[in-house]
Amino acid sequence: MDKLDTYKTIAQKSEGYYRERGSKFIALAYPVNSEDETKEIVLELKKEYHNARHHCYAYVLGFEGDIWRANDDGEPSSTGGKPIYGQIVSRDLTNTLVVVVRYFGGTKLGIPGLINAYREAASDALDNAEITTLVVKDLYNLSFAYPMMNDVMRMIKDEDLSVIDQHFDTSCSITIGIRQSKVDLILERIDLIDSAVAEFLRTE
């Protein structure tokens, strides 16, 4: 069975909107790669929409979607963040943040009304988003002697590897991205090249 090495996220920022009994819910969805990035975006939105009553949000991170958070920002427990989170999960997305900004319209919506409003706003933003499937890659630094250049470059071309960085001198190094499901195969090929050594850097 092939190793699962792809994930779905949104390609770029998108927006959604929902209105209920005078309250306006503005939803903003972003592709994100870290918790620090989500914090920065939420802080910026709180400044931009400083006169809004609530800024509820949820995010999912990690290639397997195992890092997540849902925040109600003062709304009754689980009426804001959880419905937003549910919309991200239902679309099987990760590395995605959705913030829903609420302007209170003077009429309380009740628990079911709030859940529905945050869900619908988040759903609209994600419906308007372009969904993209990305490949999980392991980055390796490949070092080798200059005479092996042709062998290394032929392997990179044959296996359609991405080159992130390179340095050629008497000793050479190339940073390559390898699709996770092909890592073992590529490392075996590298072992067959004289003087070539692969060092794992990170996954992205």
# chains A, B, ... in the order shown; residues from 1 in each chain; ligands from 1

$ select_by_dssp --residues "chain A" --states "helix (DSSP H, G or I)" --output "VMD selection string"
chain A and resid 35 to 48 81 to 90 110 to 127 146 to 158 180 to 191

$ residues_around --residues "Asn141 (chain A)" --least-positions-apart "3" --cutoff "6 Å" --atoms "only C-alpha atoms" --output "PyMOL selection string"
chain A and resi 174-175+198-199

$ atom_distance --atom1 "CA of Thr133 (chain A)" --atom2 "CA of Phe63 (chain A)"
11.2 Å

$ select_by_dssp --residues "region 104-189 of chain A" --states "strand (DSSP E)" --output "list in words"
Ile131, Thr132, Thr133, Leu134, Val135, Lys137, Asp138, Leu139, Tyr140, Asn141, Leu142, Ser143, Phe144, Ala145, Ser162, Val163, Ile164, Asp165, Gln166, His167, Ser171, Cys172, Ser173, Ile174, Thr175, Ile176, Gly177, Ile178 and Arg179 of chain A

$ write_last_selection --atoms "C-alpha atoms" --output "JSON list (two decimals), in the first residue's frame"
[["chain", "number", "residue", "atom", "x", "y", "z"],
["A", 131, "ILE", "CA", -8.80, 23.76, -2.62],
["A", 132, "THR", "CA", -5.36, 22.45, -3.53],
["A", 133, "THR", "CA", -3.65, 19.10, -2.94],
["A", 134, "LEU", "CA", -0.01, 19.33, -1.89],
["A", 135, "VAL", "CA", 2.66, 16.66, -1.58],
["A", 137, "LYS", "CA", 8.26, 16.13, 0.95],
["A", 138, "ASP", "CA", 11.32, 15.24, 2.99],
["A", 139, "LEU", "CA", 14.25, 17.58, 2.38],
["A", 140, "TYR", "CA", 17.75, 16.10, 2.23],
["A", 141, "ASN", "CA", 21.15, 17.64, 1.77],
["A", 142, "LEU", "CA", 23.04, 15.54, -0.74],
["A", 143, "SER", "CA", 26.84, 15.91, -0.68],
["A", 144, "PHE", "CA", 29.16, 14.29, -3.24],
["A", 145, "ALA", "CA", 32.49, 14.65, -5.04],
["A", 162, "SER", "CA", 12.88, 19.29, -6.72],
["A", 163, "VAL", "CA", 16.16, 21.17, -6.19],
["A", 164, "ILE", "CA", 15.92, 23.74, -3.40],
["A", 165, "ASP", "CA", 19.56, 24.82, -3.20],
["A", 166, "GLN", "CA", 22.89, 23.83, -4.71],
["A", 167, "HIS", "CA", 26.61, 24.50, -4.31],
["A", 171, "SER", "CA", 32.99, 18.99, -3.14],
["A", 172, "CYS", "CA", 29.34, 19.59, -4.04],
["A", 173, "SER", "CA", 26.04, 19.74, -2.20],
["A", 174, "ILE", "CA", 22.44, 19.92, -3.35],
["A", 175, "THR", "CA", 19.32, 20.27, -1.21],
["A", 176, "ILE", "CA", 16.59, 18.11, -2.71],
["A", 177, "GLY", "CA", 12.93, 17.54, -1.91],
["A", 178, "ILE", "CA", 11.77, 13.93, -2.09],
["A", 179, "ARG", "CA", 8.13, 12.86, -2.06]]

$ atom_distance --atom1 "CA of Leu114 (chain A)" --atom2 "CA of Thr79 (chain A)"
5.8 Å

$ closest_atom_pairs --of "region 116-204 of chain A" --to "region 14-17 of chain A" --cutoff "8 Å" --atoms "only C-alpha atoms" --output "tab-separated table"
residue	atom	partner	partner_atom	distance
A:Ala121	CA	A:Tyr17	CA	5.2
A:Ala122	CA	A:Gly16	CA	6.6
A:Ser123	CA	A:Gly16	CA	7.5
A:Asp124	CA	A:Gly16	CA	4.6
A:Ala125	CA	A:Gly16	CA	3.7
A:Leu126	CA	A:Ser14	CA	7.1
A:Asn128	CA	A:Ser14	CA	6.2
A:Ala129	CA	A:Ser14	CA	5.2

$ write_last_selection --atoms "C-alpha atoms" --output "compact mmCIF listing (two decimals), in the first residue's frame"
# COMPACT_ATOMS: atom_id res chain seq x y z
CA ALA A 121 -20.14 31.83 7.70
CA ALA A 122 -17.17 29.45 7.84
CA SER A 123 -18.79 27.21 5.22
CA ASP A 124 -19.25 30.16 2.87
CA ALA A 125 -15.59 31.17 3.18
CA LEU A 126 -14.39 27.63 2.48
CA ASN A 128 -15.31 30.27 -1.94
CA ALA A 129 -11.77 28.94 -1.44

$ residues_around --residues "Ile115 (chain A)" --least-positions-apart "5" --cutoff "8 Å" --atoms "only C-alpha atoms" --output "list of chain:residue names"
A:Ser78, A:Thr79, A:Gly80, A:Pro83

$ write_last_selection --atoms "N, CA and C atoms" --output "short mmCIF file (atom, residue, chain, number, x, y, z; two decimals), in the first residue's frame"
data_model
loop_
_atom_site.label_atom_id
_atom_site.label_comp_id
_atom_site.auth_asym_id
_atom_site.auth_seq_id
_atom_site.Cartn_x
_atom_site.Cartn_y
_atom_site.Cartn_z
N SER A 78 -18.33 26.48 22.91
CA SER A 78 -18.51 25.61 21.73
C SER A 78 -19.53 26.12 20.71
N THR A 79 -19.89 27.41 20.80
CA THR A 79 -20.84 27.94 19.80
C THR A 79 -20.15 28.64 18.64
N GLY A 80 -18.86 28.99 18.81
CA GLY A 80 -18.15 29.69 17.76
C GLY A 80 -17.05 28.87 17.12
N PRO A 83 -18.01 25.00 15.68
CA PRO A 83 -18.66 24.94 14.36
C PRO A 83 -17.71 25.30 13.22
#

$ residues_around --residues "Val101 (chain A)" --least-positions-apart "4" --cutoff "10 Å" --atoms "only C-alpha atoms" --output "VMD selection string"
chain A and resid 17 24 to 28 45 to 46 49 to 57 118 121
